[in-house]
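Asks: Hey, dropping entry-v8.txt in here, compact mmCIF, C-alpha atoms:
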# COMPACT_ATOMS: atom_id res chain seq x y z
CA MET A 1 -19.00 -80.38 -35.14
CA GLU A 2 -20.10 -79.62 -31.62
CA GLU A 3 -19.12 -76.20 -30.30
CA GLU A 4 -17.69 -76.32 -26.78
CA LEU A 5 -18.45 -73.69 -24.17
CA SER A 6 -15.45 -72.61 -22.13
CA GLU A 7 -15.95 -70.89 -18.84
CA LEU A 8 -13.66 -69.67 -16.13
CA PHE A 9 -15.01 -69.50 -12.57
CA ILE A 10 -13.06 -67.56 -9.96
CA LEU A 11 -14.16 -68.15 -6.38
CA PRO A 12 -12.03 -65.68 -4.42
CA ILE A 13 -13.28 -66.29 -0.87
CA ILE A 14 -14.83 -69.62 -0.06
CA GLN A 15 -14.48 -72.07 2.80
CA GLU A 16 -12.77 -75.32 1.86
CA GLN A 17 -15.73 -77.52 2.82
CA GLN A 18 -17.96 -75.48 0.44
CA ILE A 19 -15.80 -75.98 -2.66
CA ILE A 20 -17.35 -79.24 -3.88
CA PRO A 21 -21.04 -78.19 -3.42
CA VAL A 22 -20.40 -74.88 -5.20
CA LEU A 23 -18.54 -76.58 -8.06
CA ASP A 24 -21.26 -79.24 -8.32
CA PHE A 25 -23.76 -76.41 -8.79
CA LEU A 26 -21.59 -74.56 -11.35
CA LEU A 27 -20.39 -77.67 -13.19
CA PRO A 28 -23.11 -80.35 -12.99
CA GLU A 29 -21.51 -82.36 -15.82
CA TRP A 30 -18.40 -82.97 -13.70
CA THR A 31 -18.45 -85.63 -11.01
CA LEU A 32 -16.49 -84.16 -8.13
CA THR A 33 -16.00 -85.69 -4.72
CA LYS A 34 -13.92 -84.62 -1.76
CA LEU A 35 -10.65 -82.90 -2.70
CA ASP A 36 -7.96 -85.29 -1.54
CA ILE A 37 -4.79 -83.29 -2.17
CA GLN A 38 -1.55 -85.27 -2.39
CA TYR A 39 1.06 -82.99 -0.85
CA THR A 40 4.16 -83.48 -2.94
CA SER A 41 7.02 -81.51 -1.42
CA ARG A 42 6.76 -81.80 2.34
CA LYS A 43 10.02 -83.76 2.49
CA LYS A 44 11.80 -81.26 0.23
CA LEU A 45 11.13 -77.97 2.00
CA TRP A 46 14.83 -77.04 2.02
CA TYR A 47 14.67 -76.50 -1.76
CA PHE A 48 12.07 -73.78 -1.34
CA PHE A 49 13.92 -71.58 1.13
CA ARG A 50 17.56 -72.37 0.39
CA ILE A 51 18.15 -69.34 -1.89
CA PRO A 52 17.06 -66.70 0.67
CA VAL A 53 19.03 -68.49 3.39
CA LEU A 54 22.17 -68.84 1.30
CA VAL A 55 22.05 -65.24 0.04
CA LEU A 56 20.89 -63.36 3.15
CA SER A 57 22.80 -65.28 5.84
CA PRO A 58 26.25 -64.00 4.78
CA LEU A 59 24.83 -60.48 4.35
CA ILE A 60 23.40 -60.58 7.86
CA PHE A 61 26.70 -61.82 9.26
CA ILE A 62 28.71 -59.09 7.48
CA SER A 63 26.23 -56.33 8.34
CA VAL A 64 26.49 -57.10 12.08
CA PHE A 65 29.94 -55.48 12.05
CA PHE A 66 28.84 -52.37 10.16
CA SER A 67 25.24 -51.70 11.15
CA PRO A 68 23.37 -53.82 13.71
CA TRP A 69 20.08 -52.27 12.60
CA LEU A 70 20.68 -53.35 9.02
CA SER A 71 21.40 -56.90 10.18
CA LEU A 72 18.16 -56.86 12.20
CA ILE A 73 16.18 -55.70 9.16
CA LEU A 74 17.83 -58.33 6.96
CA GLY A 75 17.08 -60.95 9.62
CA VAL A 76 13.39 -60.05 9.63
CA ILE A 77 13.32 -60.15 5.82
CA LEU A 78 14.98 -63.58 5.94
CA LEU A 79 12.40 -64.88 8.42
CA VAL A 80 9.51 -63.62 6.28
CA LEU A 81 10.96 -65.13 3.09
CA VAL A 82 11.65 -68.47 4.79
CA GLY A 83 8.12 -68.50 6.22
CA LEU A 84 6.55 -67.79 2.84
CA ALA A 85 8.73 -70.41 1.13
CA PHE A 86 7.85 -72.95 3.83
CA ILE A 87 4.11 -72.36 3.33
CA MET A 88 4.51 -72.57 -0.45
CA GLY A 89 6.33 -75.89 -0.27
CA TYR A 90 4.34 -77.45 2.55
CA PHE A 91 0.90 -76.94 1.01
CA GLN A 92 1.55 -77.48 -2.70
CA GLY A 93 0.03 -80.59 -4.16
CA TYR A 94 -2.31 -82.11 -6.68
CA TRP A 95 -5.42 -84.21 -6.91
CA ILE A 96 -6.68 -86.32 -9.81
CA GLN A 97 -10.21 -87.63 -10.13
CA GLU A 98 -11.44 -89.26 -13.31
CA LYS A 99 -10.85 -86.47 -15.85
CA GLN A 100 -10.31 -83.54 -13.50
CA ILE A 101 -6.92 -82.35 -12.28
CA CYS A 102 -6.48 -79.98 -9.35
CA PHE A 103 -3.23 -78.20 -8.49
CA GLN A 104 -2.93 -76.44 -5.16
CA ASN A 105 -0.36 -73.70 -4.64
CA TYR A 106 0.24 -70.83 -2.26
CA ARG A 107 1.16 -67.38 -3.47
CA VAL A 108 2.07 -65.05 -0.64
CA PHE A 109 -0.80 -65.71 1.83
CA THR A 110 -3.35 -67.04 -0.65
CA LYS A 111 -4.14 -70.68 -1.31
CA ILE A 112 -4.99 -71.22 -4.95
CA GLN A 113 -6.70 -74.39 -6.15
CA THR A 114 -7.00 -74.71 -9.90
CA ILE A 115 -9.31 -77.47 -11.14
CA ILE A 116 -9.41 -78.17 -14.85
CA HIS A 117 -10.75 -80.90 -17.07
CA SER A 118 -7.87 -82.99 -18.39
CA SER A 119 -9.01 -82.40 -21.98
CA LYS A 120 -8.20 -78.69 -21.55
CA VAL A 121 -4.51 -79.40 -21.00
CA GLN A 122 -2.64 -78.13 -24.06
CA ALA A 123 0.91 -79.06 -23.07
CA PHE A 124 2.77 -80.89 -20.36
CA SER A 125 6.32 -79.93 -19.47
CA GLN A 126 8.70 -81.33 -16.94
CA LYS A 127 12.18 -80.20 -16.08
CA THR A 128 14.93 -81.01 -13.68
CA SER A 129 18.59 -80.26 -13.19
CA LYS A 130 21.64 -82.46 -12.85
CA TRP A 131 21.43 -82.22 -9.04
CA LEU A 132 17.66 -82.70 -8.80
CA TYR A 133 17.75 -85.63 -11.23
CA ASN A 134 20.08 -87.53 -8.90
CA LYS A 135 17.54 -87.01 -6.10
CA LYS A 136 14.66 -88.09 -8.38
CA THR A 137 13.04 -84.66 -8.09
CA GLY A 138 11.77 -82.22 -10.71
CA HIS A 139 9.20 -79.63 -11.70
CA VAL A 140 6.04 -80.06 -13.73
CA THR A 141 3.91 -77.49 -15.57
CA LEU A 142 0.55 -78.01 -17.24
CA HIS A 143 -0.41 -75.42 -19.85
CA PHE A 144 -4.11 -75.08 -20.55
CA LYS A 145 -6.48 -72.81 -22.39
CA VAL A 146 -9.85 -71.48 -21.28
CA GLY A 147 -11.54 -69.51 -24.04
CA ALA A 148 -8.93 -67.17 -25.52
CA ILE A 149 -6.83 -67.13 -22.36
CA GLY A 150 -3.79 -69.35 -22.00
CA SER A 151 -2.57 -70.17 -18.53
CA SER A 152 -0.45 -72.66 -16.67
CA MET A 153 -0.13 -74.31 -13.32
CA SER A 154 2.99 -75.83 -11.92
CA LEU A 155 4.43 -77.77 -9.03
CA LYS A 156 8.07 -77.46 -8.00
CA PHE A 157 10.43 -79.93 -6.38
CA ILE A 158 8.15 -82.94 -6.59
CA PRO A 159 9.20 -86.60 -6.79
CA CYS A 160 9.58 -87.99 -10.30
CA SER A 161 7.01 -90.70 -9.46
CA HIS A 162 4.36 -87.98 -9.13
CA ILE A 163 5.49 -86.42 -12.41
CA GLU A 164 5.05 -89.82 -14.09
CA SER A 165 1.51 -90.13 -12.66
CA LEU A 166 0.56 -86.74 -14.06
CA TYR A 167 2.18 -87.52 -17.41
CA THR A 168 0.26 -90.81 -17.66
CA ILE A 169 -3.04 -88.93 -17.26
CA PHE A 170 -1.98 -86.38 -19.86
CA LYS A 171 -0.80 -89.06 -22.32
CA LYS A 172 -4.06 -91.00 -21.90
CA GLU A 173 -6.10 -87.85 -22.62
CA ILE A 174 -4.06 -87.16 -25.78
CA SER A 175 -4.71 -90.73 -26.99
CA LEU A 176 -8.45 -90.42 -26.37
CA THR A 177 -8.61 -87.02 -28.09
CA SER A 178 -6.73 -88.21 -31.17
CA LEU A 179 -8.94 -91.33 -31.42
CA SER A 180 -12.13 -89.25 -31.24
CA LYS A 181 -10.83 -86.88 -33.94
CA LYS A 182 -9.98 -89.81 -36.24
CA ASN A 183 -13.45 -91.31 -35.78
CA SER A 184 -15.27 -88.06 -36.61
As C-alpha cells, how would this structure be written, given the file I've shared?
Replies:
Amino acid sequence: MEEELSELFILPIIQEQQIIPVLDFLLPEWTLTKLDIQYTSRKKLWYFFRIPVLVLSPLIFISVFFSPWLSLILGVILLVLVGLAFIMGYFQGYWIQEKQICFQNYRVFTKIQTIIHSSKVQAFSQKTSKWLYNKKTGHVTLHFKVGAIGSSMSLKFIPCSHIESLYTIFKKEISLTSLSKKNS
C-alpha cells in the first residue's frame, strides 16, 4: 500500500497573479491553470446583510429619541457590518479544474482561497431552509482532512445548480476511490 504525503501550504501574503506559479512550484504533480472563480452569490447579497439591517435599524430609530450619539454609533456599526457582509457575499465563489477544487471566501478584510485535491474531500453537506428552497438557494460545505487536521470550507446562499455541480464532482471522486480500493 502506497503511503500518501499530506502537506498544508499557507501563503499569507501573495499577489493574485503569483498564485499559480507558486503553486506549480510547490505542487508539480497538480496541473493548475488560471484561477477562474465562479462568483456564486452576487445576485443574493441581501441575504448576507439582512440580519444586521433588520436588527440594528429599529434600534437606531428608537435610540434617536433617547440618545442621538448612540444612534450615530449604531449607524456606524450598521454601515461597517453591511460593508463586511457585502464584501463576503460579492467575492465568494468556487473554481473546479480536473481534480482540484478552490473555494474563495472573505473573512473580515482577508480573501481566503482554499485549493484542495478532490480526493481529500471527506464529506459533502448541503442545507437549505423552507424559504431558501423556494428560491432554489442553499449552502454547501466540504469537509476535508490534511494530515491529522480536519477542516471545512463553505459557501452560503448559492444557487442549487452550483450545489449540484459540486456534488457531481464529489460523487464522481467517491466512485473512483471505491473502485480503486476494490481493485487493490
Asks: How many Å lie between atom CA of Lys43 of chain A and atom CA of Ile158 of chain A, rounded to one decimal?
Replies: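 Separation of atom CA of Lys43 of chain A and atom CA of Ile158 of chain A: 9.3 Å.
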Asks: Quote the spacing between atom CA of Leu27 of chain A and atom CA of Ala148 of chain A in Å to one decimal place.
Replies: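 Separating atom CA of Leu27 of chain A from atom CA of Ala148 of chain A is a distance of 19.8 Å.
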Asks: If we count only C-alpha atoms and set the cut-off at 8 Å, which residues sit around Ala85 of chain A, ignoring sequence neighbours fewer than 3 positions away in its own chain? Please answer as a PyMOL selection string.
Replies: chain A and resi 45+48-49+81-82+88-89
Asks: Which residue out of A:Phe103, A:Tyr90, A:Trp131, A:Phe65 has the minimum interatomic distance to His117 of chain A when only C-alpha atoms are used?
Replies: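 Between A:Phe103, A:Tyr90, A:Trp131, A:Phe65, the residue approaching His117 of chain A most closely is A:Phe103.
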Asks: Hey, which of A:Asn134, A:Ile14, A:Leu23, A:Met153 ends up closest to Ile101 of chain A? Count all atoms listed in the file.
Replies: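 Once distances to Ile101 of chain A are computed over all atoms listed in the file, the minimum belongs to A:Met153.
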Asks: When you draw a straight line from atom CA of Lys145 of chain A to atom CA of Pro159 of chain A, how long is it in Å?
Replies: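 Taking atom CA of Lys145 of chain A and atom CA of Pro159 of chain A, their separation equals 26.1 Å.
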Asks: Taking all atoms listed in the file into account, name the residue in A:Ile51, A:Ser71, A:Thr40, A:Leu132 that is nearest to Ile163 of chain A.
Replies: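 Nearest to Ile163 of chain A: A:Thr40.
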Asks: Tell me which protein, DNA and RNA residues are within 9 Å of Ser57 of chain A, counting all atoms listed in the file, leaving out same-chain ones fewer than 6 positions away, and put them as a list in words.
Replies: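 Returned residues: Leu74, Gly75 and Leu78 of chain A.
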Asks: With distances taken over only C-alpha atoms, which of A:Lys135, A:Thr110, A:Lys99, A:Lys172 is nearest to Ile13 of chain A?
Replies: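 The shortest atom-to-atom distance to Ile13 of chain A comes from A:Thr110.
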Asks: For a quick check of understanding, using all atoms listed in the file, which of A:Arg42, A:His162, A:Lys171, A:Lys120 has the smallest distance to Val140 of chain A?
Replies: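 Closest residue, counting all atoms listed in the file: A:His162.
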Asks: Counting only C-alpha atoms, which residue out of A:Gln126, A:Ser67, A:Gln113, A:Thr33 sits closest to Tyr167 of chain A?
Replies: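 Ranking A:Gln126, A:Ser67, A:Gln113, A:Thr33 by distance to Tyr167 of chain A, first place goes to A:Gln126.
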Asks: Tell me which residues come within 10 Å of (-11.2, -76.2, 0.6), as a count of residues only, counting only C-alpha atoms in the file's coordinates.
Replies: 14
